[in-house]
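What follows is a short report on a single structure.
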Amino acid sequence: MSEASAPDLELADVDKDFGGLNVVRGATFALSRGEFLSLLGPSGGGTTTTLSMIAGFEVPTRGEIRIRGRRVNELFPERRDIGMVFQNYALFPHMSVAENIVFGLRMRKVGAPERKARVEEAARLVKVDHLLERRPSKLSGGQQQRVALARALIVRPALLLLDEPFGALDRLLREELQVEVRLLLQRLKITTVFVTHDQEEALTMSDRVAVMSGGVIEQIASPQELYDRPATRFVAGFIGKSTIVEGSIDSATRRFISPTGTWQLPPTEAAAADGPASYAIRPEAVRLSPQPGTFANEVVGTAVQATFLGDHWSLFADCGGAARLLISLDRGGEIPAPGSPVRFGWNTQDAAVYQQERRL
Ligand SMILES: Nc1ncnc2c1ncn2[C@@H]1O[C@H](COP(=O)(O)OP(=O)(O)OP(=O)(O)O)[C@@H](O)[C@H]1O
Ligand SMILES: [Mg+2]
């Protein structure tokens, strides 16, 4: 493939072993120009290791990494055409904002007049152009993080790598920067890989999210697809909230059977086999059932606790077996008191069934 038509970033079956331990396994994806991908996973899932291999701080054990069509497996970080921003900004404390931002251009031996113009441009982009003479210690956390971003962007990298860049900021500032940075990167069409632990942040900012667990990309998809159609049981439990009930499938009657209840299997192309399975249902798909038989699938139980969350109520109910059902209730509607008997139901197509970890 020619460099012009190649994706900005490709990982092909990339593995990383540390002393016989498989830390990343079979990572495979491609990003086109301007795409924003988040790597999201529980601690130890392999997200930082994946980013480090893309950056060049770690060498893959197997597989290939390509930036704009060029294999970079053994290339030093400074030769990869990437910009990076870390959680702790890592600005040079003894340099002014302007000197920090210009650093990458000095390394690349860009001439003084062009340097000056590009520093001003980069500073304007991230709205720190009024702070150019200050030292980093005289900036707020959000301002420091924007300077770090300007420093990464000024070299116009093929690829921007962000490792929890907003992790140290308070919630309001973080949410503000998420939107600002996303809009900026969209406007500049900068291809970005973003590591975060914050699922809301990943869903807010990304074109696609790769959910990693145990070194494996469980699913890579748009935020909506991840939420609406989790491909594995792990993703169903990790993205958003779900009640997951353990039981087994009776394929002859197309039913899921558990101590909590017996429910219909949602329509699926895959063959459901007799045997253990997990049944997942989102809290907003569950409704109070005014009388038995209102819904195709129902449970009876006891309300345990209702929590007011501003725009809705969140209710836990014990429903027999080990299952504690989570239900979202509209704030205007009826909220069952703790200890009272309740009956809930949902439509079959709103449930998902997982067998051997995969969605049926
Ligand atoms: N240099 C190393 N030598 C040995 N093991 C390592 C090394 N770097 C990472 N690991 C191991 O690889 C696994 C994945 O590490 P990684 O840093 O990628 O996780 P992560 O997904 O970024 O986690 P966190 O969310 O906690 O930052 C962990 O079990 C970690 O202990
Ligand atoms: Mg990490």
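Please note that chains go A, B, ... in the order of the structure tokens, that every chain numbers its residues from 1, and that ligands are numbered from 1 in the order shown.
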
Practice task
Name the residues in contact with region 322-335 of chain A at a cut-off of 9 Å, using only C-alpha atoms, excluding same-chain residues fewer than 3 positions from it; report them as a ChimeraX atom specification.
Solution key: /A:241-246,259-260,281-288,301,304,306,308-319,344

Could you give me, as a tab-separated table, every chain A residue with an atom at most 9 Å from ligand 2, plus its closest atom pair and distance in Å to one decimal, counting only C-alpha atoms and all ligand atoms, rows ordered by chain then number?
```
residue	atom	partner	partner_atom_place_in_ligand_line	distance
A:Ser43	CA	ligand 2	1 (Mg)	6.8
A:Gly44	CA	ligand 2	1 (Mg)	7.0
A:Gly45	CA	ligand 2	1 (Mg)	8.1
A:Gly46	CA	ligand 2	1 (Mg)	7.1
A:Thr47	CA	ligand 2	1 (Mg)	5.7
A:Thr48	CA	ligand 2	1 (Mg)	4.1
A:Thr49	CA	ligand 2	1 (Mg)	7.2
A:Leu51	CA	ligand 2	1 (Mg)	8.9
A:Asp163	CA	ligand 2	1 (Mg)	7.6
A:Glu164	CA	ligand 2	1 (Mg)	8.2
A:Val195	CA	ligand 2	1 (Mg)	7.4
A:Thr196	CA	ligand 2	1 (Mg)	8.0
A:His197	CA	ligand 2	1 (Mg)	8.3
```

Problem - Residue among A:Leu131, A:Ile217, A:Ala280, A:Leu203 lying closest to ligand 1, counting only C-alpha atoms and all ligand atoms - result: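 Checking each candidate against ligand 1, we get A:Ile217 as the closest.
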
Practice task
Output as an MDAnalysis selection string all residues of region 230-355 of chain A that backbone DSSP marks as strand (DSSP E).
Solution key: chainID A and resid 243:250 255:257 262:264 275:281 287:288 297:308 312:318 324:330 341:346 351:355

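Ranking A:Val179, A:Met212, A:Ile101, A:Val72 by their shortest atom-to-atom distance to ligand 1, with only C-alpha atoms and all ligand atoms included, puts A:Met212 first.
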
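Using only C-alpha atoms, the residues found no farther than 9 Å from Gly240 (chain A), other than those of its own chain fewer than 5 positions away, are Gln199, Glu200, Tyr227, Val235 and Arg282 of chain A.
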
Problem - Atom pair CA of Gln291 (chain A) / CA of Pro266 (chain A): separation (Å) - result: 22.4 Å

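The residue that comes closest to Arg134 (chain A), out of A:Val97, A:Leu91, A:Leu11, A:Val300 and on the basis of only C-alpha atoms, is A:Val97.
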
Exercise for the section: Output as an NGL selection string all residues of region 97-193 of chain A that backbone DSSP marks as helix (DSSP H, G or I). Expected result: :A and (97-107 or 112-125 or 129-131 or 136-138 or 141-153 or 171-188)

Quick one: everything within 12 Å of Pro230 (chain A), counting only C-alpha atoms, minus sequence neighbours fewer than 5 positions away in the same chain. Send it as a PDB file with N, CA and C atoms, in the first residue's frame.
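Output (selection-v2.pdb):
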```pdb
ATOM      1  N   VAL A 209     -13.860   2.667  20.586  1.00  0.00           N
ATOM      2  CA  VAL A 209     -13.232   2.303  21.857  1.00  0.00           C
ATOM      3  C   VAL A 209     -12.780   0.848  21.752  1.00  0.00           C
ATOM      4  N   ALA A 210     -11.526   0.577  22.163  1.00  0.00           N
ATOM      5  CA  ALA A 210     -11.063  -0.808  22.257  1.00  0.00           C
ATOM      6  C   ALA A 210     -11.080  -1.181  23.733  1.00  0.00           C
ATOM      7  N   VAL A 211     -11.912  -2.146  24.097  1.00  0.00           N
ATOM      8  CA  VAL A 211     -11.958  -2.605  25.486  1.00  0.00           C
ATOM      9  C   VAL A 211     -10.962  -3.741  25.643  1.00  0.00           C
ATOM     10  N   GLU A 218     -11.127  -7.153  23.730  1.00  0.00           N
ATOM     11  CA  GLU A 218     -12.383  -7.909  23.774  1.00  0.00           C
ATOM     12  C   GLU A 218     -13.321  -7.448  22.668  1.00  0.00           C
ATOM     13  N   GLN A 219     -13.333  -6.134  22.431  1.00  0.00           N
ATOM     14  CA  GLN A 219     -14.206  -5.581  21.392  1.00  0.00           C
ATOM     15  C   GLN A 219     -13.677  -4.215  21.014  1.00  0.00           C
ATOM     16  N   ILE A 220     -13.762  -3.888  19.744  1.00  0.00           N
ATOM     17  CA  ILE A 220     -13.399  -2.548  19.287  1.00  0.00           C
ATOM     18  C   ILE A 220     -14.556  -2.049  18.440  1.00  0.00           C
ATOM     19  N   ALA A 221     -15.196  -0.973  18.899  1.00  0.00           N
ATOM     20  CA  ALA A 221     -16.443  -0.550  18.261  1.00  0.00           C
ATOM     21  C   ALA A 221     -16.764   0.881  18.671  1.00  0.00           C
ATOM     22  N   SER A 222     -17.769   1.461  18.016  1.00  0.00           N
ATOM     23  CA  SER A 222     -18.220   2.805  18.381  1.00  0.00           C
ATOM     24  C   SER A 222     -18.819   2.746  19.783  1.00  0.00           C
ATOM     25  N   PRO A 223     -18.858   3.895  20.485  1.00  0.00           N
ATOM     26  CA  PRO A 223     -19.444   3.908  21.833  1.00  0.00           C
ATOM     27  C   PRO A 223     -20.856   3.324  21.857  1.00  0.00           C
ATOM     28  N   GLN A 224     -21.651   3.675  20.872  1.00  0.00           N
ATOM     29  CA  GLN A 224     -23.038   3.199  20.870  1.00  0.00           C
ATOM     30  C   GLN A 224     -23.126   1.691  20.659  1.00  0.00           C
ATOM     31  N   GLU A 225     -22.321   1.199  19.735  1.00  0.00           N
ATOM     32  CA  GLU A 225     -22.301  -0.239  19.465  1.00  0.00           C
ATOM     33  C   GLU A 225     -21.838  -1.016  20.711  1.00  0.00           C
ATOM     34  N   VAL A 235     -17.408  -7.365  28.362  1.00  0.00           N
ATOM     35  CA  VAL A 235     -17.786  -6.010  27.933  1.00  0.00           C
ATOM     36  C   VAL A 235     -19.170  -5.662  28.479  1.00  0.00           C
ATOM     37  N   ALA A 236     -20.075  -6.632  28.497  1.00  0.00           N
ATOM     38  CA  ALA A 236     -21.423  -6.380  29.027  1.00  0.00           C
ATOM     39  C   ALA A 236     -21.352  -5.923  30.477  1.00  0.00           C
ATOM     40  N   GLY A 237     -20.424  -6.492  31.249  1.00  0.00           N
ATOM     41  CA  GLY A 237     -20.303  -6.109  32.647  1.00  0.00           C
ATOM     42  C   GLY A 237     -19.470  -4.860  32.851  1.00  0.00           C
ATOM     43  N   PHE A 238     -18.627  -4.540  31.877  1.00  0.00           N
ATOM     44  CA  PHE A 238     -17.657  -3.455  32.054  1.00  0.00           C
ATOM     45  C   PHE A 238     -18.187  -2.118  31.556  1.00  0.00           C
ATOM     46  N   ILE A 239     -18.931  -2.131  30.453  1.00  0.00           N
ATOM     47  CA  ILE A 239     -19.442  -0.890  29.858  1.00  0.00           C
ATOM     48  C   ILE A 239     -20.878  -0.672  30.324  1.00  0.00           C
ATOM     49  N   GLY A 240     -21.112   0.437  31.000  1.00  0.00           N
ATOM     50  CA  GLY A 240     -22.446   0.705  31.522  1.00  0.00           C
ATOM     51  C   GLY A 240     -22.782  -0.266  32.630  1.00  0.00           C
ATOM     52  N   LYS A 241     -24.046  -0.288  33.031  1.00  0.00           N
ATOM     53  CA  LYS A 241     -24.465  -1.201  34.089  1.00  0.00           C
ATOM     54  C   LYS A 241     -25.365  -2.271  33.493  1.00  0.00           C
ATOM     55  N   SER A 242     -25.243  -3.469  34.023  1.00  0.00           N
ATOM     56  CA  SER A 242     -26.108  -4.581  33.622  1.00  0.00           C
ATOM     57  C   SER A 242     -26.333  -5.460  34.838  1.00  0.00           C
ATOM     58  N   ALA A 280     -27.865 -11.158  30.387  1.00  0.00           N
ATOM     59  CA  ALA A 280     -27.599  -9.769  30.785  1.00  0.00           C
ATOM     60  C   ALA A 280     -28.745  -8.857  30.383  1.00  0.00           C
ATOM     61  N   ILE A 281     -29.087  -7.959  31.306  1.00  0.00           N
ATOM     62  CA  ILE A 281     -30.175  -7.026  31.024  1.00  0.00           C
ATOM     63  C   ILE A 281     -29.817  -5.651  31.590  1.00  0.00           C
ATOM     64  N   ARG A 282     -29.991  -4.604  30.769  1.00  0.00           N
ATOM     65  CA  ARG A 282     -29.687  -3.229  31.190  1.00  0.00           C
ATOM     66  C   ARG A 282     -30.774  -2.712  32.133  1.00  0.00           C
ATOM     67  N   ALA A 351     -32.654  -8.201  26.071  1.00  0.00           N
ATOM     68  CA  ALA A 351     -31.684  -8.988  26.826  1.00  0.00           C
ATOM     69  C   ALA A 351     -30.577  -9.492  25.896  1.00  0.00           C
ATOM     70  N   ALA A 352     -29.456  -9.882  26.505  1.00  0.00           N
ATOM     71  CA  ALA A 352     -28.370 -10.498  25.736  1.00  0.00           C
ATOM     72  C   ALA A 352     -27.936 -11.750  26.483  1.00  0.00           C
ATOM     73  N   VAL A 353     -27.628 -12.802  25.730  1.00  0.00           N
ATOM     74  CA  VAL A 353     -27.195 -14.048  26.370  1.00  0.00           C
ATOM     75  C   VAL A 353     -25.786 -14.386  25.900  1.00  0.00           C
ATOM     76  N   TYR A 354     -24.945 -14.762  26.861  1.00  0.00           N
ATOM     77  CA  TYR A 354     -23.540 -15.067  26.578  1.00  0.00           C
ATOM     78  C   TYR A 354     -23.263 -16.519  26.915  1.00  0.00           C
ATOM     79  N   GLU A 357     -18.553 -16.961  27.207  1.00  0.00           N
ATOM     80  CA  GLU A 357     -18.101 -15.563  27.164  1.00  0.00           C
ATOM     81  C   GLU A 357     -18.546 -14.799  25.934  1.00  0.00           C
ATOM     82  N   ARG A 358     -18.995 -15.480  24.861  1.00  0.00           N
ATOM     83  CA  ARG A 358     -19.378 -14.770  23.634  1.00  0.00           C
ATOM     84  C   ARG A 358     -20.871 -14.547  23.583  1.00  0.00           C
ATOM     85  N   ARG A 359     -21.268 -13.438  22.958  1.00  0.00           N
ATOM     86  CA  ARG A 359     -22.676 -13.149  22.792  1.00  0.00           C
ATOM     87  C   ARG A 359     -23.289 -14.087  21.755  1.00  0.00           C
ATOM     88  N   LEU A 360     -24.454 -14.609  22.098  1.00  0.00           N
ATOM     89  CA  LEU A 360     -25.153 -15.456  21.124  1.00  0.00           C
ATOM     90  C   LEU A 360     -25.842 -14.593  20.085  1.00  0.00           C
TER      91      LEU A 360
END
```

Handout entry: Asp207 (chain A) environment, 7 Å, only C-alpha atoms, sequence neighbours closer than 3 positions dropped, as an NGL selection string
Key = :A and (35-37 or 222)

Problem - Within 12 Å of Arg156 (chain A) using only C-alpha atoms, minus same-chain residues under 3 positions, as a PyMOL selection string - result: chain A and resi 81-84+104-105+108+118-119+121-122+149-153+159-160+185+188-191

Handout entry: For CA of Gln355 (chain A) and CA of Asn297 (chain A), the interatomic separation in Å (one decimal)
Key = 19.5 Å

Problem - Nearest candidate to Pro290 (chain A) (options A:Arg343, A:Ile154, A:Asp198, A:Ala277; using only C-alpha atoms) - result: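 Among the listed residues, A:Arg343 lies closest to Pro290 (chain A).
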
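Minimum distance to ligand 1 across A:Leu184, A:Leu40, A:Val126, A:Leu161 (counting only C-alpha atoms and all ligand atoms) occurs at A:Leu40.
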
Handout entry: Given only C-alpha atoms as the counted atoms, nearest of A:Leu132, A:Met107, A:Ala337, A:Val193 to Asp8 (chain A)
Key =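 Smallest distance to Asp8 (chain A) is found for A:Val193.
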
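The list of residues with at least one atom within 7 Å of Asp15 (chain A), based on only C-alpha atoms and without residues fewer than 5 positions apart in the same chain, reads Val24, Arg25, Gly26, Ala27, Pro60, Thr61, Arg62 and Gly63 of chain A.
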